[in-house]
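Q: Please see the structure below; I have some questions.
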Amino acid sequence: MTGSAPSSRQMSRASTTFGAADKEDVDGRDEPGHDGLGKRRVVRIAGIAFAIIFFAIGTFVAWIVSLGPLPLAQARQVSTTIVDRNGKLLRAYAMADGRWRLRVDARTGIDPGYLKLLLAYEDRRFYSHAGVDPLALGRAAFQLVTRGHIVSGGSTITMQLARLMEPRRERSVYAKLRQMVRALQIERQLNKNQILDLYLALAPFGGNLEGVRAASIAYFGKEPKRLSLAESALLVALPQSPENRRLDRHPNVAHAARDRVLDRMVEDGQVAAEEAAQAKSVAVSRMRKPMPILAPHSADQAMAVVKDADVITLTLDSSLQKVLEALARDRAATLGPNISLAIIAVDNESGDVLARIGSPDYFDDRRAGQVDMTRAVRSPGSTLKPFIYGLAFEDGFVHPESLIDDRPIRFGSYAPENFDMTFQGTVPVRKALQLSLNVPAIALLDRVGASRLSSRIKQAGASLVLPKDEAPGLAMGLGGVGVTLQDLAQLYSGLARLGSTRPLREIMKAEDDARDPLRLMDQVAAWQVGNVLIGTPPPENGVHNRIAFKTGTSYGYRDAWSVGFDGRITIGVWVGRPDGAPVPGLVGRTAAAPILFDAFARTGKLPTALPKPPKGALLASNAKLPLPLRRFRPVGELVRTGGEQAPHIQFPLNGSRIDVDRSGGAELAAMPVKIAGGVLPLTMLVNGVAVGEIDSRRQRLVDPPGPGFARLTVIDAMGAADTVVIRIQ
């Protein structure tokens with residue numbers, strides 16, 4: 001029957017078949033393709049995961065590449081600063097956008113206490129992390145969660161530097177990630193000291209102040225080399241919110257922020273509670289101080305000459321510059337509203353300008369304050385007279401103890417007169433120069449030659465400006481020529497250097513200083529001039545025999561001068577109106593000389609002695625001088641009568657070279673000198689030093705000086721002379 005129940009055998013087979021099938025299904029052996037399907041699924045999932053990871057990495061790398069290189073060049077731009085010979089700030093110039101950002105060297109220019117406080121507050125593991133500090137990030141997040149507000153930031157100094165290099169307004173996860181990436185890049189390209197220096201130069205402190213150095217100068221009026229705890233804490237607090245904590249706008253907010261920094265440092269054990277309490281009691285200044293502006297004329301000149309330099313070093317001494325600027329302001333206040341003055345100080349040995357005051361007040365329009373009067377061409381009055389006398393001493397026809405007439409005299413149509421319209425009669429040359437008598441100076445210039453004086457001054461590095469289409473004449477001895485105060489200072493420093501000048505230097509350069517000395521006059525002549533000038537009667541505030549100086553007053557009382565030197569320094573002073581208008585009663589001795597002596601007093605050093613007499617200097621009274629040197633006679637008195645002729649050196653010829661053989665002793669090395677004409681006795685001088693008289697045969701053997709140029713001069717009994725210059729080799 002179809003519907004009958006299965007037999008027991010059939011049931012047993014079915015049961016066996018079912019059990020086997022169930023076991024095989026469980027083992028997975030009844031479907032051979034199932035094993036491959038599972039593996040493919042795993043591989044597919046893994047592939048998708050790796051693709052996502054690679055895509056993310058690629059996207060991240062592409063994003064990093066899209067950031068471009070670090071803007072280091074832009075971040076390193078700073079204000080141009082002018083510093084003195086010791087690196088002290090004279091003046092800084094704001095950047096093109098008006099910001100003050102000064103270069104910083106944390107190792108030498110920042111107070112260590114401030115750096116310690118900054119790192120403890122901002123980034124205590126600065127020197128150990130690679131730009132990002134996970135511990136700091138975790139601590140900041142934990143404090144935010146547990147306290148409900150930000151207690152400390154997680155950004156490292158390197159991350160903050162990254163934000164300063166690329167300032168952005170948004171505060172987001174993306175911005176923080178960008179800072180982290182940039183911080184890692186910064187750490188790879190810069191060392192820790194460079195990172196710290198850059199951060200300290202870029203950190204904002206309110207307004208247009210960037211960097212701790214600009215902030216310290218503007219808020220405290222000093223460099224950040226030495227800061228109090230209160231000052232250090234304030235500088236740590238300001239960059240957190242620079243605009244809201246500006247001292248000149250929100251001093252109370254800044255005060256509170258400073259105290260919070262101190263509280264946290266006490267909590268962290270960095271500062272003692274007593275020290276913090278004392279620092280909190282210090283008031284916060286409400287005024288912003290101006291940036292220093294010492295030596296503004298020198299700084300402007302340096303900016304015009306030196307291009308693309310962050311720091312320009314000048315030879316000036318900021319301490320001396322400061323005291324002389326104060327002197328100029330004080331004296332200008334007593335001179336009148338339209339009268340200006342200028343001062344320059346020069347180191348004799350090096351020719352370095354140590355101080356330059358172009359005007360009493362750079363911002364005073366009534367005195368044309370921005371005009372540098374040390375470089376202005378003005379009439380020098382009598383200040384060129386010492387160089388007339390120096391050439392006269394050099395030529396050997398006059399000595400400081402020689403007598404010279406101060407009496408009415410005429411040179412063609414020119415009849416010089418003394419300043420006081422009187423005459424002194426016969427006086428020693430020494431006194432004639434000390435009293436600045438005009439007639440003796442012009443008589444000597446007539447003998448020396450105005451063209452020779454002009455060429456010698458130019459040879460020494462000074463520029464003389466003559467009236468248009470005029471040649472050097474006798475009037476230049478009394479101020480009929482133009483010269484600058486800085487050129488006068490260079491010339492007078494040549495007297496202190498015994499006859500050689502050094503071109504003035506004010507901007508220090510990296511290359512070696514190759515300024516060769518320039519010839520002014522012989523050593524003996526330069527010493528004689530200095531020896532005379534140091535005896536010039538000083539003004540009422542001066543001490544006798546300490547400073548060699550000369551005064552001058554230009555025609556019409558337009559310029560008052562005084563230039564002086566000791567063994568170390570030369571100082572020049574000019575007083576007058578910048579527009580050249582006359583100032584009744586303006587005289588060098590009363591207007592400029594007192595300022596000169598005050599300037600020497602304010603250098604803080606006692607005057608240095610002048611050099612000792614060089615070898616060959618003739619030290620004798622008038623009575624012991626050779627007869628021709630006892631009295632000077634102008635050219636007009638040397639006119640001959642009868643058959644008399646002026647002396648003339650026949651041998652050696654002017655400009656000749658003389659070979660001297662010293663191997664055979666002094667007698668064989670002696671050089672013959674032959675003279676024609678002249679009234680006996682004839683006196684022979686070698687380099688301004690008398691070596692004896694010439695006999696009736698008008699010849700003499702002379703012991704030649706060492707190798708180099710030598711000047712031979714013969715003077716007859718009437719005072720007529722002849723000179724030749726030879727070269728000994």
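Residue names in the structure tokens use chain letters A, B, ... in the order shown, residue numbers from 1 in each chain, and ligand numbers from 1 in the order shown.
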I need the helix (DSSP H, G or I) residues of segment 170-386 of chain A per DSSP on the backbone, written as a compact mmCIF listing (two decimals) with N, CA and C atoms, in the first residue's frame.
A:
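Saved result, selection29.txt, follows:
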# COMPACT_ATOMS: atom_id res chain seq x y z
N VAL A 173 39.83 72.29 15.45
CA VAL A 173 40.67 71.10 15.43
C VAL A 173 41.59 71.14 14.22
N TYR A 174 41.07 71.61 13.10
CA TYR A 174 41.90 71.72 11.89
C TYR A 174 43.07 72.66 12.12
N ALA A 175 42.80 73.80 12.74
CA ALA A 175 43.87 74.77 12.99
C ALA A 175 44.91 74.18 13.94
N LYS A 176 44.46 73.45 14.97
CA LYS A 176 45.39 72.84 15.91
C LYS A 176 46.23 71.77 15.21
N LEU A 177 45.60 70.98 14.33
CA LEU A 177 46.33 69.97 13.59
C LEU A 177 47.38 70.61 12.69
N ARG A 178 47.02 71.70 12.08
CA ARG A 178 47.96 72.41 11.22
C ARG A 178 49.17 72.89 12.04
N GLN A 179 48.91 73.41 13.25
CA GLN A 179 50.01 73.86 14.10
C GLN A 179 50.92 72.70 14.47
N MET A 180 50.34 71.53 14.73
CA MET A 180 51.15 70.37 15.09
C MET A 180 52.07 69.98 13.94
N VAL A 181 51.51 69.95 12.74
CA VAL A 181 52.32 69.58 11.57
C VAL A 181 53.44 70.60 11.36
N ARG A 182 53.08 71.86 11.44
CA ARG A 182 54.09 72.91 11.25
C ARG A 182 55.14 72.85 12.36
N ALA A 183 54.72 72.53 13.58
CA ALA A 183 55.67 72.44 14.68
C ALA A 183 56.69 71.34 14.42
N LEU A 184 56.21 70.19 13.92
CA LEU A 184 57.15 69.11 13.60
C LEU A 184 58.11 69.54 12.50
N GLN A 185 57.61 70.28 11.50
CA GLN A 185 58.48 70.77 10.44
C GLN A 185 59.51 71.77 10.98
N ILE A 186 59.06 72.63 11.86
CA ILE A 186 59.98 73.62 12.44
C ILE A 186 61.10 72.93 13.20
N GLU A 187 60.74 71.92 13.98
CA GLU A 187 61.74 71.21 14.77
C GLU A 187 62.77 70.50 13.90
N ARG A 188 62.37 70.13 12.70
CA ARG A 188 63.31 69.45 11.78
C ARG A 188 64.27 70.45 11.15
N GLN A 189 63.85 71.70 10.99
CA GLN A 189 64.67 72.68 10.28
C GLN A 189 65.46 73.61 11.20
N LYS A 192 66.73 74.16 18.89
CA LYS A 192 65.90 74.72 19.96
C LYS A 192 66.21 76.19 20.21
N ASN A 193 67.48 76.57 20.17
CA ASN A 193 67.83 77.97 20.40
C ASN A 193 67.26 78.87 19.32
N GLN A 194 67.31 78.41 18.07
CA GLN A 194 66.74 79.20 16.98
C GLN A 194 65.23 79.33 17.11
N ILE A 195 64.58 78.25 17.54
CA ILE A 195 63.13 78.29 17.73
C ILE A 195 62.77 79.29 18.83
N LEU A 196 63.51 79.24 19.92
CA LEU A 196 63.22 80.15 21.03
C LEU A 196 63.46 81.60 20.63
N ASP A 197 64.55 81.86 19.91
CA ASP A 197 64.84 83.23 19.45
C ASP A 197 63.72 83.75 18.56
N LEU A 198 63.25 82.89 17.65
CA LEU A 198 62.21 83.31 16.72
C LEU A 198 60.90 83.56 17.44
N TYR A 199 60.57 82.71 18.41
CA TYR A 199 59.34 82.92 19.18
C TYR A 199 59.42 84.23 19.96
N LEU A 200 60.55 84.47 20.58
CA LEU A 200 60.71 85.68 21.39
C LEU A 200 60.70 86.95 20.54
N ALA A 201 60.96 86.81 19.25
CA ALA A 201 60.89 87.97 18.36
C ALA A 201 59.50 88.19 17.79
N LEU A 202 58.67 87.15 17.74
CA LEU A 202 57.36 87.24 17.09
C LEU A 202 56.19 87.34 18.06
N VAL A 212 59.67 90.15 22.74
CA VAL A 212 59.90 90.54 24.13
C VAL A 212 60.83 91.75 24.21
N ARG A 213 61.73 91.90 23.25
CA ARG A 213 62.66 93.02 23.33
C ARG A 213 61.95 94.35 23.09
N ALA A 214 61.12 94.39 22.05
CA ALA A 214 60.36 95.61 21.78
C ALA A 214 59.43 95.92 22.94
N ALA A 215 58.82 94.89 23.53
CA ALA A 215 57.89 95.11 24.65
C ALA A 215 58.62 95.64 25.87
N SER A 216 59.78 95.08 26.17
CA SER A 216 60.53 95.52 27.35
C SER A 216 60.97 96.97 27.21
N ILE A 217 61.41 97.36 26.00
CA ILE A 217 61.83 98.74 25.78
C ILE A 217 60.64 99.69 25.86
N ALA A 218 59.52 99.29 25.27
CA ALA A 218 58.35 100.16 25.23
C ALA A 218 57.66 100.27 26.59
N TYR A 219 57.63 99.18 27.37
CA TYR A 219 56.91 99.19 28.63
C TYR A 219 57.79 99.53 29.83
N PHE A 220 59.06 99.12 29.77
CA PHE A 220 59.95 99.34 30.92
C PHE A 220 61.08 100.32 30.62
N LEU A 229 61.07 90.10 38.89
CA LEU A 229 60.07 89.03 38.82
C LEU A 229 58.74 89.58 38.33
N ALA A 230 58.37 90.78 38.80
CA ALA A 230 57.10 91.38 38.37
C ALA A 230 57.12 91.66 36.86
N GLU A 231 58.23 92.16 36.36
CA GLU A 231 58.34 92.44 34.92
C GLU A 231 58.32 91.15 34.11
N SER A 232 59.03 90.13 34.59
CA SER A 232 59.06 88.85 33.87
C SER A 232 57.67 88.23 33.81
N ALA A 233 56.95 88.23 34.93
CA ALA A 233 55.61 87.65 34.95
C ALA A 233 54.67 88.41 34.02
N LEU A 234 54.81 89.73 33.98
CA LEU A 234 53.96 90.52 33.09
C LEU A 234 54.23 90.18 31.63
N LEU A 235 55.50 90.03 31.27
CA LEU A 235 55.84 89.70 29.89
C LEU A 235 55.41 88.28 29.53
N VAL A 236 55.33 87.40 30.50
CA VAL A 236 54.80 86.06 30.24
C VAL A 236 53.30 86.11 30.01
N ALA A 237 52.60 86.99 30.72
CA ALA A 237 51.14 87.04 30.66
C ALA A 237 50.61 87.73 29.41
N LEU A 238 51.29 88.76 28.93
CA LEU A 238 50.74 89.59 27.87
C LEU A 238 50.45 88.84 26.57
N PRO A 239 51.32 87.95 26.06
CA PRO A 239 51.03 87.31 24.77
C PRO A 239 49.79 86.42 24.77
N GLN A 240 49.28 86.04 25.95
CA GLN A 240 48.09 85.19 25.98
C GLN A 240 46.87 85.92 25.41
N PRO A 251 45.42 98.48 31.78
CA PRO A 251 46.46 98.12 32.77
C PRO A 251 45.93 97.23 33.89
N ASN A 252 44.67 97.40 34.27
CA ASN A 252 44.12 96.57 35.35
C ASN A 252 44.01 95.11 34.92
N VAL A 253 43.59 94.90 33.67
CA VAL A 253 43.51 93.53 33.15
C VAL A 253 44.90 92.91 33.09
N ALA A 254 45.88 93.69 32.66
CA ALA A 254 47.26 93.20 32.59
C ALA A 254 47.77 92.87 33.99
N HIS A 255 47.42 93.70 34.95
CA HIS A 255 47.84 93.48 36.34
C HIS A 255 47.29 92.15 36.85
N ALA A 256 46.02 91.89 36.59
CA ALA A 256 45.39 90.65 37.05
C ALA A 256 46.01 89.44 36.36
N ALA A 257 46.28 89.56 35.08
CA ALA A 257 46.89 88.44 34.34
C ALA A 257 48.29 88.15 34.87
N ARG A 258 49.04 89.20 35.18
CA ARG A 258 50.38 88.99 35.76
C ARG A 258 50.29 88.24 37.07
N ASP A 259 49.32 88.62 37.93
CA ASP A 259 49.19 87.98 39.23
C ASP A 259 48.79 86.51 39.09
N ARG A 260 47.99 86.20 38.08
CA ARG A 260 47.62 84.80 37.86
C ARG A 260 48.84 83.97 37.47
N VAL A 261 49.71 84.54 36.68
CA VAL A 261 50.96 83.84 36.34
C VAL A 261 51.76 83.57 37.60
N LEU A 262 51.85 84.55 38.48
CA LEU A 262 52.60 84.38 39.72
C LEU A 262 51.95 83.31 40.60
N ASP A 263 50.63 83.32 40.68
CA ASP A 263 49.93 82.32 41.49
C ASP A 263 50.22 80.91 40.99
N ARG A 264 50.19 80.76 39.67
CA ARG A 264 50.44 79.42 39.12
C ARG A 264 51.88 79.00 39.35
N MET A 265 52.80 79.93 39.27
CA MET A 265 54.20 79.58 39.51
C MET A 265 54.43 79.20 40.97
N VAL A 266 53.69 79.83 41.88
CA VAL A 266 53.77 79.43 43.28
C VAL A 266 53.19 78.04 43.45
N GLU A 267 52.06 77.78 42.79
CA GLU A 267 51.41 76.47 42.86
C GLU A 267 52.31 75.37 42.32
N ALA A 273 56.39 81.95 47.67
CA ALA A 273 55.18 82.74 47.92
C ALA A 273 55.54 84.16 48.33
N GLU A 274 56.63 84.33 49.12
CA GLU A 274 57.02 85.68 49.55
C GLU A 274 57.45 86.53 48.36
N GLU A 275 58.20 85.94 47.44
CA GLU A 275 58.65 86.67 46.26
C GLU A 275 57.47 87.05 45.38
N ALA A 276 56.53 86.13 45.23
CA ALA A 276 55.34 86.42 44.41
C ALA A 276 54.52 87.54 45.04
N ALA A 277 54.39 87.53 46.36
CA ALA A 277 53.62 88.58 47.03
C ALA A 277 54.27 89.95 46.84
N GLN A 278 55.59 89.96 46.92
CA GLN A 278 56.30 91.22 46.70
C GLN A 278 56.14 91.70 45.26
N ALA A 279 56.21 90.77 44.29
CA ALA A 279 56.05 91.13 42.88
C ALA A 279 54.64 91.65 42.61
N LYS A 280 53.63 91.07 43.30
CA LYS A 280 52.26 91.52 43.09
C LYS A 280 52.04 92.96 43.56
N PRO A 296 70.42 110.27 15.94
CA PRO A 296 69.50 110.13 14.81
C PRO A 296 70.13 110.48 13.46
N HIS A 297 71.02 111.47 13.43
CA HIS A 297 71.64 111.84 12.15
C HIS A 297 72.57 110.74 11.65
N SER A 298 73.34 110.16 12.56
CA SER A 298 74.22 109.06 12.18
C SER A 298 73.41 107.85 11.73
N ALA A 299 72.29 107.60 12.42
CA ALA A 299 71.44 106.47 12.06
C ALA A 299 70.83 106.67 10.68
N ASP A 300 70.35 107.87 10.40
CA ASP A 300 69.78 108.14 9.08
C ASP A 300 70.83 107.96 7.98
N GLN A 301 72.04 108.44 8.24
CA GLN A 301 73.11 108.29 7.26
C GLN A 301 73.45 106.82 7.03
N ALA A 302 73.48 106.05 8.10
CA ALA A 302 73.77 104.62 7.98
C ALA A 302 72.69 103.91 7.18
N MET A 303 71.43 104.27 7.41
CA MET A 303 70.34 103.66 6.66
C MET A 303 70.43 103.99 5.17
N ALA A 304 70.92 105.18 4.85
CA ALA A 304 71.04 105.58 3.45
C ALA A 304 72.21 104.87 2.77
N VAL A 305 73.23 104.52 3.54
CA VAL A 305 74.44 103.92 2.95
C VAL A 305 74.35 102.40 2.90
N SER A 318 77.65 104.77 22.83
CA SER A 318 76.33 105.24 23.23
C SER A 318 76.38 106.06 24.52
N SER A 319 77.25 105.71 25.44
CA SER A 319 77.35 106.47 26.69
C SER A 319 77.82 107.89 26.43
N LEU A 320 78.86 108.04 25.62
CA LEU A 320 79.35 109.38 25.28
C LEU A 320 78.33 110.13 24.45
N GLN A 321 77.69 109.44 23.51
CA GLN A 321 76.67 110.07 22.68
C GLN A 321 75.54 110.62 23.55
N LYS A 322 75.13 109.86 24.54
CA LYS A 322 74.01 110.28 25.39
C LYS A 322 74.36 111.53 26.19
N VAL A 323 75.56 111.57 26.79
CA VAL A 323 75.90 112.72 27.63
C VAL A 323 76.14 113.97 26.78
N LEU A 324 76.67 113.80 25.56
CA LEU A 324 76.90 114.96 24.71
C LEU A 324 75.59 115.48 24.11
N GLU A 325 74.64 114.58 23.85
CA GLU A 325 73.32 115.05 23.41
C GLU A 325 72.65 115.86 24.51
N ALA A 326 72.79 115.40 25.75
CA ALA A 326 72.23 116.16 26.87
C ALA A 326 72.91 117.52 27.00
N LEU A 327 74.23 117.56 26.80
CA LEU A 327 74.97 118.83 26.84
C LEU A 327 74.46 119.77 25.75
N ALA A 328 74.25 119.24 24.56
CA ALA A 328 73.77 120.08 23.45
C ALA A 328 72.38 120.65 23.76
N ARG A 329 71.50 119.84 24.32
CA ARG A 329 70.16 120.33 24.66
C ARG A 329 70.23 121.43 25.73
N ASP A 330 71.06 121.19 26.74
CA ASP A 330 71.17 122.17 27.83
C ASP A 330 71.71 123.50 27.31
N ARG A 331 72.76 123.46 26.49
CA ARG A 331 73.36 124.70 26.00
C ARG A 331 72.46 125.40 24.99
N ALA A 332 71.75 124.63 24.17
CA ALA A 332 70.86 125.24 23.18
C ALA A 332 69.76 126.03 23.86
N ALA A 333 69.31 125.56 25.01
CA ALA A 333 68.24 126.26 25.72
C ALA A 333 68.67 127.66 26.15
N THR A 334 69.96 127.86 26.35
CA THR A 334 70.45 129.17 26.78
C THR A 334 70.87 130.05 25.61
N LEU A 335 71.00 129.47 24.42
CA LEU A 335 71.47 130.23 23.27
C LEU A 335 70.36 130.99 22.55
N ASP A 365 61.94 122.06 14.61
CA ASP A 365 61.93 122.68 13.28
C ASP A 365 62.55 124.07 13.31
N ARG A 366 62.44 124.78 14.41
CA ARG A 366 63.00 126.12 14.46
C ARG A 366 64.52 126.11 14.31
N ARG A 367 65.13 125.04 14.75
CA ARG A 367 66.58 124.90 14.62
C ARG A 367 66.96 123.99 13.46
N LYS A 385 94.16 128.43 11.11
CA LYS A 385 95.45 129.05 11.43
C LYS A 385 96.50 128.06 11.93
N PRO A 386 96.16 127.09 12.79
CA PRO A 386 97.21 126.16 13.25
C PRO A 386 97.92 125.44 12.11
Q: Please identify all polymer residues within 10 Å of Tyr362 of chain A, counting only C-alpha atoms, omitting same-chain residues fewer than 2 positions from it, and present them as a list in words.
A: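 Residues meeting the cut-off are Ile293, Leu294, Ala295, Pro296, His297, Ile357, Gly358, Ser359, Pro360, Asp364, Asp365, Arg367, Ala368, Gly369, Gln370, Val371 and Asp372 of chain A.
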Q: So which residues of segment 67-297 of chain A fall under strand (DSSP E or B) by DSSP, listed as an MDAnalysis selection string?
A: chainID A and resid 80:83 89:93 100:101 204 209:210 293
Q: Could you check which of A:Val563, A:Val673, A:Val429, A:Ala514 is closest to Gln486 of chain A, using only C-alpha atoms?
A: A:Val563
Q: I need the residue nearest Phe600 of chain A from this list: A:Gln523, A:Asn418, A:Asn541, A:Thr315. Use only C-alpha atoms for the distance.
A: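 Of all the options, A:Asn541 lies closest to Phe600 of chain A.
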Q: Can you pull out the residues contacting Arg577 of chain A? Cut-off 8 Å, using only C-alpha atoms, and skip same-chain residues under 4 positions away; I want them as a PyMOL selection string.
A: chain A and resi 338-340+367+558-559+581-583
Q: Keeping only all heavy atoms, take the residues you just selected and write them out as a short mmCIF file (atom, residue, chain, number, x, y, z; two decimals), in the first residue's frame.
A:
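Now in selection_17.cif:
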data_model
loop_
_atom_site.label_atom_id
_atom_site.label_comp_id
_atom_site.auth_asym_id
_atom_site.auth_seq_id
_atom_site.Cartn_x
_atom_site.Cartn_y
_atom_site.Cartn_z
N ASN A 338 66.43 129.97 17.82
CA ASN A 338 66.81 129.69 16.43
C ASN A 338 68.27 129.29 16.26
O ASN A 338 68.71 129.04 15.14
CB ASN A 338 66.51 130.91 15.56
CG ASN A 338 65.04 131.26 15.55
OD1 ASN A 338 64.20 130.39 15.40
ND2 ASN A 338 64.73 132.54 15.74
N ILE A 339 69.01 129.26 17.35
CA ILE A 339 70.44 128.95 17.28
C ILE A 339 70.65 127.47 17.53
O ILE A 339 70.12 126.91 18.48
CB ILE A 339 71.23 129.80 18.29
CG1 ILE A 339 71.01 131.28 18.02
CG2 ILE A 339 72.71 129.47 18.22
CD1 ILE A 339 71.68 132.19 19.01
N SER A 340 71.42 126.86 16.66
CA SER A 340 71.71 125.44 16.77
C SER A 340 73.17 125.25 17.16
O SER A 340 73.96 126.21 17.21
CB SER A 340 71.41 124.73 15.45
OG SER A 340 71.58 123.34 15.57
N ARG A 367 65.13 125.04 14.75
CA ARG A 367 66.58 124.90 14.62
C ARG A 367 66.96 123.99 13.46
O ARG A 367 68.11 123.56 13.37
CB ARG A 367 67.18 124.35 15.91
CG ARG A 367 67.09 125.30 17.10
CD ARG A 367 67.89 124.75 18.28
NE ARG A 367 67.96 125.68 19.38
CZ ARG A 367 67.13 125.71 20.43
NH1 ARG A 367 66.15 124.82 20.49
NH2 ARG A 367 67.27 126.59 21.40
N ARG A 558 78.49 134.65 12.01
CA ARG A 558 77.57 133.61 11.55
C ARG A 558 77.92 132.23 12.12
O ARG A 558 77.04 131.38 12.24
CB ARG A 558 77.58 133.55 10.02
CG ARG A 558 76.88 134.72 9.36
CD ARG A 558 77.05 134.67 7.84
NE ARG A 558 76.18 135.64 7.17
CZ ARG A 558 76.46 136.91 7.02
NH1 ARG A 558 77.62 137.40 7.48
NH2 ARG A 558 75.61 137.72 6.41
N ASP A 559 79.18 132.02 12.43
CA ASP A 559 79.63 130.71 12.90
C ASP A 559 80.62 130.90 14.05
O ASP A 559 81.55 131.71 13.94
CB ASP A 559 80.32 129.92 11.79
CG ASP A 559 79.47 129.82 10.54
OD1 ASP A 559 78.64 128.91 10.48
OD2 ASP A 559 79.67 130.66 9.63
N ALA A 581 72.15 132.98 8.97
CA ALA A 581 71.90 134.36 9.36
C ALA A 581 72.87 134.77 10.47
O ALA A 581 73.26 133.95 11.31
CB ALA A 581 70.47 134.53 9.84
N PRO A 582 73.29 136.03 10.49
CA PRO A 582 74.21 136.47 11.53
C PRO A 582 73.56 136.48 12.91
O PRO A 582 72.35 136.67 13.04
CB PRO A 582 74.61 137.88 11.09
CG PRO A 582 73.60 138.30 10.08
CD PRO A 582 72.98 137.08 9.51
N VAL A 583 74.40 136.27 13.93
CA VAL A 583 73.95 136.31 15.32
C VAL A 583 74.85 137.30 16.05
O VAL A 583 75.99 136.98 16.36
CB VAL A 583 74.04 134.92 15.98
CG1 VAL A 583 73.53 135.00 17.42
CG2 VAL A 583 73.25 133.89 15.19
#
Q: So that I can check the surroundings of Val532 of chain A, please list as a list in words every protein, DNA and RNA residue that reaches within 7 Å of it, counting only C-alpha atoms and ignoring chain neighbours fewer than 4 positions away.
A: Arg430, Gln434 and Gln528 of chain A
Q: Find the residues around Gly706 of chain A up to 10 Å (only C-alpha atoms counted), leave out those fewer than 5 positions away in its own chain, and share them as a PDB file with N, CA and C atoms, in the first residue's frame.
A:
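Produced file result-v7.pdb, reproduced below:
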ATOM      1  N   VAL A 660     122.549 106.541  -0.543  1.00  0.00           N
ATOM      2  CA  VAL A 660     123.480 106.706   0.569  1.00  0.00           C
ATOM      3  C   VAL A 660     124.072 105.354   0.922  1.00  0.00           C
ATOM      4  N   ARG A 727     114.600 112.365  -1.741  1.00  0.00           N
ATOM      5  CA  ARG A 727     114.290 111.020  -1.250  1.00  0.00           C
ATOM      6  C   ARG A 727     115.585 110.275  -0.997  1.00  0.00           C
ATOM      7  N   ILE A 728     115.783 109.831   0.229  1.00  0.00           N
ATOM      8  CA  ILE A 728     116.981 109.091   0.615  1.00  0.00           C
ATOM      9  C   ILE A 728     116.697 107.605   0.454  1.00  0.00           C
ATOM     10  N   GLN A 729     117.606 106.929  -0.223  1.00  0.00           N
ATOM     11  CA  GLN A 729     117.446 105.472  -0.384  1.00  0.00           C
ATOM     12  C   GLN A 729     118.795 104.800  -0.349  1.00  0.00           C
TER      13      GLN A 729
END
Q: Could you tell me which of A:Phe597, A:Tyr389, A:Phe423, A:Trp527 comes closest to Val543 of chain A if we count only C-alpha atoms?
A: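 Of A:Phe597, A:Tyr389, A:Phe423, A:Trp527, the one nearest Val543 of chain A, counting only C-alpha atoms, is A:Phe597.
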Q: Using only C-alpha atoms, which residue out of A:Arg456, A:Arg410, A:Arg631, A:Lys88 lies closest to Pro292 of chain A?
A: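 Between A:Arg456, A:Arg410, A:Arg631, A:Lys88, the residue approaching Pro292 of chain A most closely is A:Lys88.
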Q: Which of these residues is nearest to Gly390 of chain A, using only C-alpha atoms: A:Gly677, A:Pro472, A:Gly494, A:Pro672?
A: A:Gly494
Q: Excluding same-chain residues fewer than 6 positions from segment 612-629 of chain A, what lies within 7 Å of it counting only C-alpha atoms, as a list of chain:residue names?
A: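 Residues meeting the cut-off are A:Phe397, A:Val398, A:His399, A:Glu401, A:Ser402, A:Gln523, A:Val524, A:Trp527, A:Val689, A:Ile715, A:Asp716, A:Ala717, A:Met718, A:Gly719.
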Q: Need the shell around Thr713 of chain A: protein/DNA/RNA residues with any atom at most 7 Å away, counting only C-alpha atoms. Skip same-chain ones fewer than 6 positions apart. Format as a list in words?
A: Asp395, Gly396, Met684, Leu685, Val686, Ala721, Asp722, Thr723 and Val724 of chain A
Q: Please indicate the distance in Å from atom CA of Asp317 of chain A to atom CA of Val353 of chain A, rounded to one decimal place.
A: 8.5 Å
